[in-house]
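Asker: Okay, handing you the structure first.
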Amino acid sequence: IVIFNFDLKQIALSQVPGASLNHITEWCKQEHNEHGALIYQGKISYQGNEYCFEIDGYSGGINNWECTHHVTGEIHNESHNSSHHEKEHH
């Protein structure tokens with residue numbers, strides 16, 4: 001079952017407290033046929049930070065999450081467990 005775009009966006013926004021649909025600056029669907037996955041890629045710009053992410057269109061799990069701080073230029077990469085949204089430390 002595919003999760004609706006609106007719900008997927010809400011899942012991503014839940015990772016950025018205070019951000020709203022207006023802060024999603026990029027959103028596109030990527031189909032990966034070799035694994036049968038349906039992945040959406042997006043970007044949220046909020047309070048001087050830019051969050052780039054990939055979210056599974058079937059489970060709603062966040063697969064990749066990257067935050068760039070525009071003030072410092074620092075990039076923070078976080079990988080999320082697609083079923084529990086937990087951080088994995090590398």
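Residue names in the structure tokens use chain letters A, B, ... in the order shown, residue numbers from 1 in each chain, and ligand numbers from 1 in the order shown.
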If we count only C-alpha atoms, what is near Thr25 of chain A at a cut-off of 8 Å, once residues fewer than 2 positions away on the same chain are taken out, given as a PyMOL selection string?

Answerer: chain A and resi 22-23+27+42-45

Asker: Write out as an mmCIF file with N, CA and C atoms, in the first residue's frame each polymer residue whose atoms come within 8 Å of Leu21 of chain A, counting only C-alpha atoms; drop sequence neighbours fewer than 5 positions from it.

Answerer:
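The resulting out-v5.cif:
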data_model
loop_
_atom_site.group_PDB
_atom_site.id
_atom_site.type_symbol
_atom_site.label_atom_id
_atom_site.label_comp_id
_atom_site.auth_asym_id
_atom_site.auth_seq_id
_atom_site.Cartn_x
_atom_site.Cartn_y
_atom_site.Cartn_z
ATOM 1 N N LYS A 9 4.939 13.652 3.635
ATOM 2 C CA LYS A 9 5.502 14.969 3.950
ATOM 3 C C LYS A 9 5.361 15.269 5.434
ATOM 4 N N GLN A 10 4.256 14.874 6.036
ATOM 5 C CA GLN A 10 4.057 15.096 7.470
ATOM 6 C C GLN A 10 5.072 14.300 8.289
ATOM 7 N N LEU A 13 8.256 16.257 8.036
ATOM 8 C CA LEU A 13 8.149 17.489 8.812
ATOM 9 C C LEU A 13 8.202 17.230 10.314
#

Asker: Please provide the set of residues having any atom within 10 Å of Ile39 of chain A, restricted to only C-alpha atoms, with same-chain residues fewer than 2 positions apart removed, written as a ChimeraX atom specification.

Answerer: /A:28-32,36-37,41-42,54-63

Asker: Work out how far atom CA of Trp65 of chain A is from atom CA of Pro17 of chain A, in Å to one decimal.

Answerer: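 About the pair atom CA of Pro17 of chain A and atom CA of Trp65 of chain A: they are 14.8 Å apart.
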
Asker: Within 9 Å of Asn49 of chain A, counting only C-alpha atoms, which residues show up once you throw out same-chain ones fewer than 6 positions away? Write them as a list in words, please.

Answerer: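 Non-adjacent residues within range: Cys67, Thr68, His69, His70 and Val71 of chain A.
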
Asker: With only C-alpha atoms as the counted atoms, please give the residues lying no more than 9 Å from Val16 of chain A, apart from itself and same-chain residues fewer than 2 positions off, as a list in words.

Answerer: Ala12, Leu13, Ser14, Gly18, Ala19, Ser20, Ile44, Tyr46 and Tyr51 of chain A

Asker: Could you tell me how far atom CA of Tyr40 of chain A sits from atom CA of Leu8 of chain A, in Å to one decimal place?

Answerer: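 Computed distance, atom CA of Leu8 of chain A to atom CA of Tyr40 of chain A, equals 8.5 Å.
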